[in-house]
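The next block holds one structure in the form of structure tokens; read it before the comments.
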Amino acid sequence: MIQRPEALDRITRTFKVHPIAALLGPRQCGKTTLARMLAEHEPCTYFDLEDPVAIQRLSAPMRTLEDLSGLLIIDEVQRRPDLFELLRVLVDRPNNPARFLLLGSASLDLVRGVSESLAGRIGFIDLSGLISERWEVIRVMPLESGRVPEIISCR
């Protein structure tokens, strides 16, 4: 597993300012892996909105989420934009015991919807770009027979 201390630090710093952090980026960029790395250090509740069991658990989201505390991770949150208004209600409670890490695709619609519903309550961490110190050039080969040359490899 690739260690990503700079991304974990960005999440931690976001939680110092906001009760909700949104980790955005394309598929397979490491959002879920980062969330699991963060969850290794503290108790958390995880909901994957591609998992039928998690979908069922959130069929009555207020009842499911209102008594939880600590870190709550909601993966693939773009599948349930109706949760944003509920999250606003939950984080506005006096002595709110929960922090929410939302994972999702960095679509303009998602960012717009979250920004409107959760203004001032959410910080965004964008994982869509490559971080140069995480990559190294290992081999540059001439383009032969229509093959893409192997140029970079993850450390």
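Chain labels run A, B, ... following the order of the structure tokens; each chain numbers its residues from 1, and ligands are numbered from 1 in the order shown.
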
Find the residues around region 24-34 of chain A up to 8 Å (only C-alpha atoms counted), leave out those fewer than 5 positions away in its own chain, and share them as a list in words.
-> Arg4, Ala7, Leu8, Asp75, Leu103, Gly104, Ser105, Ala106, Phe124, Ile125, Asp126, Leu127 and Ser128 of chain A

Same residues, N, CA and C atoms, saved as a compact mmCIF listing (two decimals), in the first residue's frame:
```
# COMPACT_ATOMS: atom_id res chain seq x y z
N ARG A 4 0.59 7.77 2.02
CA ARG A 4 0.25 9.10 1.51
C ARG A 4 0.10 10.07 2.67
N ALA A 7 -1.62 13.56 2.03
CA ALA A 7 -3.07 13.56 1.88
C ALA A 7 -3.75 13.34 3.22
N LEU A 8 -3.22 12.44 4.04
CA LEU A 8 -3.79 12.24 5.38
C LEU A 8 -3.69 13.51 6.21
N ASP A 75 -18.85 6.49 1.71
CA ASP A 75 -18.18 6.29 0.42
C ASP A 75 -19.22 6.29 -0.70
N LEU A 103 -16.70 10.58 0.64
CA LEU A 103 -15.87 10.18 -0.50
C LEU A 103 -16.74 10.15 -1.73
N GLY A 104 -16.27 10.76 -2.82
CA GLY A 104 -17.07 10.73 -4.02
C GLY A 104 -16.34 11.24 -5.23
N SER A 105 -16.97 11.04 -6.36
CA SER A 105 -16.44 11.55 -7.62
C SER A 105 -16.50 13.07 -7.61
N ALA A 106 -15.50 13.68 -8.18
CA ALA A 106 -15.41 15.14 -8.17
C ALA A 106 -16.23 15.75 -9.30
N PHE A 124 -12.95 20.73 1.27
CA PHE A 124 -12.73 19.82 0.15
C PHE A 124 -11.26 19.46 0.02
N ILE A 125 -11.00 18.18 -0.23
CA ILE A 125 -9.66 17.69 -0.54
C ILE A 125 -9.75 17.03 -1.90
N ASP A 126 -9.05 17.58 -2.87
CA ASP A 126 -9.13 17.10 -4.25
C ASP A 126 -7.95 16.17 -4.55
N LEU A 127 -8.25 14.97 -4.97
CA LEU A 127 -7.21 13.99 -5.32
C LEU A 127 -7.13 13.75 -6.82
N SER A 128 -7.63 14.67 -7.60
CA SER A 128 -7.70 14.42 -9.04
C SER A 128 -6.37 14.58 -9.76
```

Pick out the closest residue to Asn95 (chain A) from this set: A:Thr45, A:Thr14, A:Ser69, A:Gln56. Count only C-alpha atoms.
-> A:Ser69

How many Å lie between CA of Pro43 (chain A) and CA of Leu68 (chain A), rounded to one decimal?
-> 11.0 Å

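If you look at CA of Gly120 (chain A) and CA of Leu83 (chain A), they are 16.5 Å away from each other.
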
In Å, with one decimal, what is the gap from CA of Phe47 (chain A) to CA of Ile74 (chain A)?
-> 4.8 Å

Alpha helix (DSSP H) call set, DSSP backbone run, region 67-129 of chain A, as a ChimeraX atom specification | /A:83-91,108-117

Near-Asn96 (chain A) list (12 Å; only C-alpha atoms; drop same-chain fewer than 6 positions) as a PyMOL selection string = chain A and resi 18-20+65-71+87-90

Please produce an output containing N, CA and C atoms for each residue in the selection, written as a PDB file, in the first residue's frame.
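Result went into out.pdb, see below:
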```pdb
ATOM      1  N   HIS A  18     -13.453  22.177   9.895  1.00  0.00           N
ATOM      2  CA  HIS A  18     -14.810  21.803   9.475  1.00  0.00           C
ATOM      3  C   HIS A  18     -15.210  20.448  10.072  1.00  0.00           C
ATOM      4  N   PRO A  19     -16.494  20.263  10.390  1.00  0.00           N
ATOM      5  CA  PRO A  19     -16.941  18.954  10.867  1.00  0.00           C
ATOM      6  C   PRO A  19     -17.129  17.932   9.735  1.00  0.00           C
ATOM      7  N   ILE A  20     -17.085  18.419   8.492  1.00  0.00           N
ATOM      8  CA  ILE A  20     -17.236  17.539   7.335  1.00  0.00           C
ATOM      9  C   ILE A  20     -16.069  17.784   6.375  1.00  0.00           C
ATOM     10  N   LEU A  65     -27.981   7.685  11.624  1.00  0.00           N
ATOM     11  CA  LEU A  65     -26.821   8.542  11.871  1.00  0.00           C
ATOM     12  C   LEU A  65     -26.891   9.375  13.144  1.00  0.00           C
ATOM     13  N   GLU A  66     -28.069   9.671  13.650  1.00  0.00           N
ATOM     14  CA  GLU A  66     -28.187  10.661  14.720  1.00  0.00           C
ATOM     15  C   GLU A  66     -27.499  10.268  16.016  1.00  0.00           C
ATOM     16  N   ASP A  67     -27.377   8.992  16.331  1.00  0.00           N
ATOM     17  CA  ASP A  67     -26.760   8.582  17.596  1.00  0.00           C
ATOM     18  C   ASP A  67     -25.302   8.159  17.450  1.00  0.00           C
ATOM     19  N   LEU A  68     -24.762   8.239  16.247  1.00  0.00           N
ATOM     20  CA  LEU A  68     -23.371   7.841  16.032  1.00  0.00           C
ATOM     21  C   LEU A  68     -22.433   8.981  16.409  1.00  0.00           C
ATOM     22  N   SER A  69     -21.224   8.614  16.797  1.00  0.00           N
ATOM     23  CA  SER A  69     -20.214   9.620  17.132  1.00  0.00           C
ATOM     24  C   SER A  69     -18.882   9.199  16.539  1.00  0.00           C
ATOM     25  N   GLY A  70     -17.907  10.081  16.645  1.00  0.00           N
ATOM     26  CA  GLY A  70     -16.595   9.799  16.084  1.00  0.00           C
ATOM     27  C   GLY A  70     -16.583  10.045  14.588  1.00  0.00           C
ATOM     28  N   LEU A  71     -15.728   9.312  13.905  1.00  0.00           N
ATOM     29  CA  LEU A  71     -15.582   9.466  12.458  1.00  0.00           C
ATOM     30  C   LEU A  71     -16.604   8.604  11.730  1.00  0.00           C
ATOM     31  N   LEU A  87     -27.004  15.981   6.802  1.00  0.00           N
ATOM     32  CA  LEU A  87     -25.703  16.186   7.435  1.00  0.00           C
ATOM     33  C   LEU A  87     -25.603  17.587   8.034  1.00  0.00           C
ATOM     34  N   ARG A  88     -26.182  18.573   7.355  1.00  0.00           N
ATOM     35  CA  ARG A  88     -26.197  19.928   7.906  1.00  0.00           C
ATOM     36  C   ARG A  88     -26.902  19.940   9.259  1.00  0.00           C
ATOM     37  N   VAL A  89     -28.046  19.290   9.337  1.00  0.00           N
ATOM     38  CA  VAL A  89     -28.797  19.218  10.598  1.00  0.00           C
ATOM     39  C   VAL A  89     -27.959  18.523  11.672  1.00  0.00           C
ATOM     40  N   LEU A  90     -27.319  17.421  11.320  1.00  0.00           N
ATOM     41  CA  LEU A  90     -26.538  16.666  12.294  1.00  0.00           C
ATOM     42  C   LEU A  90     -25.333  17.441  12.816  1.00  0.00           C
TER      43      LEU A  90
END
```

When distances are computed from only C-alpha atoms, which of A:Val114, A:Leu72, A:Val17, A:Leu38 shows the smallest separation from Ala98 (chain A)?
-> A:Leu72

Nearest to Pro97 (chain A), restricted to only C-alpha atoms and choosing among A:Met37, A:Ala22, A:Cys44, A:Leu118, comes out as A:Cys44
